[in-house]
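Each remark here refers to the structure printed beneath this line.
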Protein chains: 2
Amino acid sequence: MAEVYAALTTVEGLAGWWTTDTQGDGDDLGGVLRFRFGAGGFDMKVLDLDPGKRVLWEVVDGPEEWIGTEVAWNLDQVDDHTVVLFHHRGWKEPVEFMHHCSTKWAVFLMSLKSLVETGTGAPDPHDVKIDNWN
Amino acid sequence: MAEVYAALTTVEGLAGWWTTDTQGDGDDLGGVLRFRFGAGGFDMKVLDLDPGKRVLWEVVDGPEEWIGTEVAWNLDQVDDHTVVLFHHRGWKEPVEFMHHCSTKWAVFLMSLKSLVETGTGAPDPHDVKIDNWN
């Protein structure tokens, strides 16, 4: 669980599975993380941290549909598995962009899994492109 | 679009990306498809078909949480992309099993993409295992 928590709260960890262009502060309440991708990016404010167990972000800048939404990570240990329970909640409408993001989040969750298990993830720009929105 | 539609309506296509143990009839209204996995399976009744464009299934047997839910596939052509808009709707409660299935569906959507693009998917039992529920 400590390894997954580090991958969610350190710039080095986040850059290993989500986007190589990650900056900011993910390990302090109120810190802001800046994630940039080819097509744009997101700024996340750290709303809650429970070391090894829980990370909560609020989207403070990015695509209009994302602003004000929350990204929550809850970690649980079940036998020899660290279970990552992930939510991106607060979408105003179930638009097609949300469905794109849902599948794309899963692709990045697999990248996080790969980073923790093998030491190598597939962050942007090395991520799997899923559709014409990338 | 014809290739994706075939991958959703023929036993050979479905066995190429979801589970190798697929039987039944996916190309007739009212037909039933039987999908079996290591841990269990699903029976789907074909509720609607619009060749090349749309496939709709109702879950008629499987885990209790799935029975009565609908799996919808809507295909659209955008430039040189066939866009697959996928829903699994009608869950009674947003239980943890739903979140597992959401990520697992994305893994299988990537398997479908791979089948259509390269001729080889990753159906069960060759699928990516995502967690302790598989």
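Residues in the structure tokens are numbered from 1 in each chain, the chains being A, B, ... in the order shown, and ligands are numbered from 1 in the order shown.
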Using only C-alpha atoms, find which residues of chain B lie within 10 Å of chain A and jot them down as a list of chain:residue names.
-> B:Val78, B:Asp79, B:Asp80, B:His81, B:Thr82, B:Val83, B:Val84, B:Leu85, B:Phe86, B:His87, B:Glu96, B:His99, B:His100, B:Ser102, B:Thr103, B:Lys104, B:Trp105, B:Ala106, B:Val107, B:Leu109, B:Met110, B:Lys113, B:Val128, B:Lys129, B:Ile130, B:Asp131, B:Asn132
Could those residues be written to a file, using N, CA, C and O atoms, as a CSV table (one decimal), in the first residue's frame?
```csv
chain,number,residue,atom,x,y,z
B,78,VAL,N,-16.2,8.2,-37.4
B,78,VAL,CA,-15.7,9.6,-37.3
B,78,VAL,C,-14.4,9.6,-38.0
B,78,VAL,O,-13.4,9.0,-37.5
B,79,ASP,N,-14.3,10.2,-39.2
B,79,ASP,CA,-13.1,10.2,-40.0
B,79,ASP,C,-12.7,8.7,-40.2
B,79,ASP,O,-13.6,7.9,-40.6
B,80,ASP,N,-11.5,8.3,-39.9
B,80,ASP,CA,-11.1,6.9,-40.1
B,80,ASP,C,-11.2,6.1,-38.8
B,80,ASP,O,-10.7,5.0,-38.8
B,81,HIS,N,-11.9,6.6,-37.8
B,81,HIS,CA,-12.1,5.9,-36.6
B,81,HIS,C,-13.6,5.3,-36.5
B,81,HIS,O,-14.5,6.0,-36.8
B,82,THR,N,-13.7,4.0,-36.1
B,82,THR,CA,-15.0,3.5,-35.7
B,82,THR,C,-15.1,3.7,-34.2
B,82,THR,O,-14.3,3.2,-33.4
B,83,VAL,N,-16.0,4.6,-33.8
B,83,VAL,CA,-16.1,4.9,-32.3
B,83,VAL,C,-17.1,3.9,-31.7
B,83,VAL,O,-18.2,3.8,-32.2
B,84,VAL,N,-16.7,3.3,-30.7
B,84,VAL,CA,-17.6,2.3,-30.0
B,84,VAL,C,-18.1,3.0,-28.7
B,84,VAL,O,-17.3,3.3,-27.8
B,85,LEU,N,-19.4,3.3,-28.7
B,85,LEU,CA,-19.9,3.9,-27.4
B,85,LEU,C,-20.6,2.8,-26.7
B,85,LEU,O,-21.6,2.2,-27.2
B,86,PHE,N,-20.1,2.5,-25.5
B,86,PHE,CA,-20.5,1.4,-24.7
B,86,PHE,C,-21.2,1.8,-23.4
B,86,PHE,O,-20.7,2.7,-22.7
B,87,HIS,N,-22.3,1.1,-23.1
B,87,HIS,CA,-22.9,1.3,-21.8
B,87,HIS,C,-23.3,0.0,-21.2
B,87,HIS,O,-23.7,-0.9,-21.9
B,96,GLU,N,-19.2,-2.2,-5.0
B,96,GLU,CA,-17.8,-2.3,-5.4
B,96,GLU,C,-17.6,-3.2,-6.6
B,96,GLU,O,-16.8,-3.0,-7.5
B,99,HIS,N,-17.7,-1.3,-9.7
B,99,HIS,CA,-16.5,-0.6,-10.1
B,99,HIS,C,-15.4,-1.5,-10.6
B,99,HIS,O,-14.7,-1.2,-11.6
B,100,HIS,N,-15.4,-2.8,-10.1
B,100,HIS,CA,-14.6,-3.8,-10.7
B,100,HIS,C,-14.9,-4.0,-12.1
B,100,HIS,O,-14.1,-4.0,-13.0
B,102,SER,N,-16.5,-2.1,-14.2
B,102,SER,CA,-16.3,-0.9,-15.0
B,102,SER,C,-14.8,-1.0,-15.6
B,102,SER,O,-14.6,-0.8,-16.8
B,103,THR,N,-13.9,-1.2,-14.7
B,103,THR,CA,-12.5,-1.2,-15.1
B,103,THR,C,-12.2,-2.5,-16.0
B,103,THR,O,-11.5,-2.4,-17.0
B,104,LYS,N,-12.9,-3.6,-15.7
B,104,LYS,CA,-12.7,-4.8,-16.4
B,104,LYS,C,-13.3,-4.6,-17.8
B,104,LYS,O,-12.7,-5.1,-18.8
B,105,TRP,N,-14.4,-4.0,-18.0
B,105,TRP,CA,-15.0,-3.7,-19.3
B,105,TRP,C,-14.0,-2.9,-20.1
B,105,TRP,O,-13.8,-3.2,-21.3
B,106,ALA,N,-13.3,-1.9,-19.5
B,106,ALA,CA,-12.4,-1.2,-20.3
B,106,ALA,C,-11.2,-2.1,-20.8
B,106,ALA,O,-10.8,-1.9,-22.0
B,107,VAL,N,-10.8,-3.0,-20.0
B,107,VAL,CA,-9.8,-3.9,-20.4
B,107,VAL,C,-10.2,-4.7,-21.6
B,107,VAL,O,-9.5,-4.9,-22.6
B,109,LEU,N,-12.7,-3.8,-23.7
B,109,LEU,CA,-12.8,-2.9,-24.9
B,109,LEU,C,-11.4,-2.8,-25.6
B,109,LEU,O,-11.4,-2.7,-26.8
B,110,MET,N,-10.4,-2.7,-24.8
B,110,MET,CA,-9.0,-2.6,-25.4
B,110,MET,C,-8.7,-3.9,-26.1
B,110,MET,O,-8.0,-3.9,-27.2
B,113,LYS,N,-10.6,-3.7,-29.4
B,113,LYS,CA,-9.8,-2.8,-30.3
B,113,LYS,C,-8.6,-3.5,-30.9
B,113,LYS,O,-8.4,-3.4,-32.1
B,128,VAL,N,-6.1,-9.5,-19.2
B,128,VAL,CA,-5.4,-8.9,-18.1
B,128,VAL,C,-6.2,-9.0,-16.9
B,128,VAL,O,-7.3,-8.6,-16.8
B,129,LYS,N,-5.6,-9.6,-15.8
B,129,LYS,CA,-6.2,-9.7,-14.5
B,129,LYS,C,-6.0,-8.3,-13.8
B,129,LYS,O,-4.9,-7.9,-13.7
B,130,ILE,N,-7.1,-7.8,-13.3
B,130,ILE,CA,-7.0,-6.4,-12.8
B,130,ILE,C,-6.9,-6.3,-11.2
B,130,ILE,O,-6.5,-5.4,-10.7
B,131,ASP,N,-7.5,-7.4,-10.6
B,131,ASP,CA,-7.5,-7.3,-9.1
B,131,ASP,C,-7.7,-8.7,-8.6
B,131,ASP,O,-7.6,-9.7,-9.3
B,132,ASN,N,-8.0,-8.8,-7.3
B,132,ASN,CA,-8.2,-10.1,-6.6
B,132,ASN,C,-9.5,-10.8,-7.0
B,132,ASN,O,-9.8,-11.9,-6.7
```
Stretch 8-23 of chain B surroundings by only C-alpha atoms, 6 Å radius, close-in-sequence under 2 positions cut, as an MDAnalysis selection string | chainID B and resid 5:6 26:27 33:36 111:112 121:124
Which value, in Å to one decimal, gives the distance between atom CA of A:Met44 and atom CA of A:Pro125?
-> 19.7 Å
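Among the candidates A:Lys92, A:Ala2, A:Leu29, A:Asp61, the residue lying nearest to A:Leu47 is A:Leu29 (atoms considered: only C-alpha atoms).
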Using backbone DSSP assignments, extract all alpha helix (DSSP H) residues from chain A; output them as a PyMOL selection string.
-> chain A and resi 2-9+11-17+96-118
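DSSP on the backbone gives strand (DSSP E) for these parts of stretch 65-95 of chain A: Glu70, Val71, Ala72, Trp73, Asn74, Leu75, Asp76, Gln77, Val78, His81, Thr82, Val83, Val84, Leu85, Phe86, His87, His88 and Arg89 of chain A.
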Requested write-out: N, CA, C and O atoms of the selected residues, as a PDB file, in the first residue's frame:
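Final file, again.pdb:
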```pdb
ATOM      1  N   GLU A  70     -14.369  15.625  -8.253  1.00  0.00           N
ATOM      2  CA  GLU A  70     -13.405  15.069  -7.300  1.00  0.00           C
ATOM      3  C   GLU A  70     -12.877  13.727  -7.779  1.00  0.00           C
ATOM      4  O   GLU A  70     -13.617  12.912  -8.347  1.00  0.00           O
ATOM      5  N   VAL A  71     -11.598  13.528  -7.514  1.00  0.00           N
ATOM      6  CA  VAL A  71     -10.935  12.260  -7.834  1.00  0.00           C
ATOM      7  C   VAL A  71     -10.500  11.652  -6.506  1.00  0.00           C
ATOM      8  O   VAL A  71      -9.722  12.267  -5.767  1.00  0.00           O
ATOM      9  N   ALA A  72     -11.036  10.489  -6.211  1.00  0.00           N
ATOM     10  CA  ALA A  72     -10.801   9.864  -4.902  1.00  0.00           C
ATOM     11  C   ALA A  72     -10.116   8.517  -5.071  1.00  0.00           C
ATOM     12  O   ALA A  72     -10.469   7.733  -5.946  1.00  0.00           O
ATOM     13  N   TRP A  73      -9.135   8.299  -4.239  1.00  0.00           N
ATOM     14  CA  TRP A  73      -8.369   7.047  -4.220  1.00  0.00           C
ATOM     15  C   TRP A  73      -8.456   6.464  -2.822  1.00  0.00           C
ATOM     16  O   TRP A  73      -8.007   7.094  -1.860  1.00  0.00           O
ATOM     17  N   ASN A  74      -9.043   5.276  -2.692  1.00  0.00           N
ATOM     18  CA  ASN A  74      -9.074   4.585  -1.415  1.00  0.00           C
ATOM     19  C   ASN A  74      -8.352   3.251  -1.565  1.00  0.00           C
ATOM     20  O   ASN A  74      -8.651   2.479  -2.475  1.00  0.00           O
ATOM     21  N   LEU A  75      -7.403   3.024  -0.659  1.00  0.00           N
ATOM     22  CA  LEU A  75      -6.574   1.820  -0.741  1.00  0.00           C
ATOM     23  C   LEU A  75      -6.967   0.848   0.364  1.00  0.00           C
ATOM     24  O   LEU A  75      -7.273   1.254   1.483  1.00  0.00           O
ATOM     25  N   ASP A  76      -6.953  -0.426   0.003  1.00  0.00           N
ATOM     26  CA  ASP A  76      -7.299  -1.452   0.976  1.00  0.00           C
ATOM     27  C   ASP A  76      -6.387  -2.651   0.733  1.00  0.00           C
ATOM     28  O   ASP A  76      -6.012  -2.929  -0.396  1.00  0.00           O
ATOM     29  N   GLN A  77      -6.012  -3.309   1.810  1.00  0.00           N
ATOM     30  CA  GLN A  77      -5.168  -4.499   1.680  1.00  0.00           C
ATOM     31  C   GLN A  77      -6.047  -5.732   1.822  1.00  0.00           C
ATOM     32  O   GLN A  77      -6.749  -5.896   2.826  1.00  0.00           O
ATOM     33  N   VAL A  78      -6.073  -6.607   0.825  1.00  0.00           N
ATOM     34  CA  VAL A  78      -6.845  -7.846   0.874  1.00  0.00           C
ATOM     35  C   VAL A  78      -5.882  -8.975   0.523  1.00  0.00           C
ATOM     36  O   VAL A  78      -5.436  -9.087  -0.615  1.00  0.00           O
ATOM     37  N   HIS A  81      -3.037  -8.557  -2.051  1.00  0.00           N
ATOM     38  CA  HIS A  81      -3.380  -7.512  -3.023  1.00  0.00           C
ATOM     39  C   HIS A  81      -3.583  -6.168  -2.342  1.00  0.00           C
ATOM     40  O   HIS A  81      -4.245  -6.092  -1.307  1.00  0.00           O
ATOM     41  N   THR A  82      -3.041  -5.103  -2.948  1.00  0.00           N
ATOM     42  CA  THR A  82      -3.468  -3.756  -2.595  1.00  0.00           C
ATOM     43  C   THR A  82      -4.591  -3.399  -3.561  1.00  0.00           C
ATOM     44  O   THR A  82      -4.379  -3.316  -4.771  1.00  0.00           O
ATOM     45  N   VAL A  83      -5.801  -3.232  -3.018  1.00  0.00           N
ATOM     46  CA  VAL A  83      -6.947  -2.904  -3.868  1.00  0.00           C
ATOM     47  C   VAL A  83      -7.078  -1.389  -3.947  1.00  0.00           C
ATOM     48  O   VAL A  83      -7.098  -0.703  -2.923  1.00  0.00           O
ATOM     49  N   VAL A  84      -7.126  -0.878  -5.165  1.00  0.00           N
ATOM     50  CA  VAL A  84      -7.287   0.559  -5.401  1.00  0.00           C
ATOM     51  C   VAL A  84      -8.738   0.800  -5.782  1.00  0.00           C
ATOM     52  O   VAL A  84      -9.194   0.339  -6.836  1.00  0.00           O
ATOM     53  N   LEU A  85      -9.473   1.488  -4.890  1.00  0.00           N
ATOM     54  CA  LEU A  85     -10.859   1.828  -5.217  1.00  0.00           C
ATOM     55  C   LEU A  85     -10.860   3.286  -5.664  1.00  0.00           C
ATOM     56  O   LEU A  85     -10.528   4.186  -4.894  1.00  0.00           O
ATOM     57  N   PHE A  86     -11.212   3.476  -6.920  1.00  0.00           N
ATOM     58  CA  PHE A  86     -11.067   4.771  -7.583  1.00  0.00           C
ATOM     59  C   PHE A  86     -12.431   5.344  -7.959  1.00  0.00           C
ATOM     60  O   PHE A  86     -13.289   4.630  -8.480  1.00  0.00           O
ATOM     61  N   HIS A  87     -12.635   6.641  -7.671  1.00  0.00           N
ATOM     62  CA  HIS A  87     -13.827   7.351  -8.154  1.00  0.00           C
ATOM     63  C   HIS A  87     -13.415   8.669  -8.787  1.00  0.00           C
ATOM     64  O   HIS A  87     -12.553   9.368  -8.250  1.00  0.00           O
ATOM     65  N   HIS A  88     -14.074   9.003  -9.891  1.00  0.00           N
ATOM     66  CA  HIS A  88     -14.034  10.373 -10.399  1.00  0.00           C
ATOM     67  C   HIS A  88     -15.489  10.818 -10.427  1.00  0.00           C
ATOM     68  O   HIS A  88     -16.260  10.422 -11.297  1.00  0.00           O
ATOM     69  N   ARG A  89     -15.862  11.613  -9.436  1.00  0.00           N
ATOM     70  CA  ARG A  89     -17.282  11.863  -9.200  1.00  0.00           C
ATOM     71  C   ARG A  89     -17.622  13.346  -9.271  1.00  0.00           C
ATOM     72  O   ARG A  89     -16.748  14.202  -9.125  1.00  0.00           O
TER      73      ARG A  89
END
```
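Neighbouring residues of A:Val46 at 7 Å or closer, counting only C-alpha atoms and skipping chain neighbours under 5 positions away, are Gly26, Asp28, Leu29, Gly30, Gly31, Val32, Leu56, Trp57 and Glu58 of chain A.
For the atom pair formed by atom CA of B:Trp66 and atom CA of B:Val95, the distance is 11.5 Å, given to one decimal.
When atom CA of B:Arg54 is paired with atom CA of B:Gly24, their separation reads 18.7 Å.
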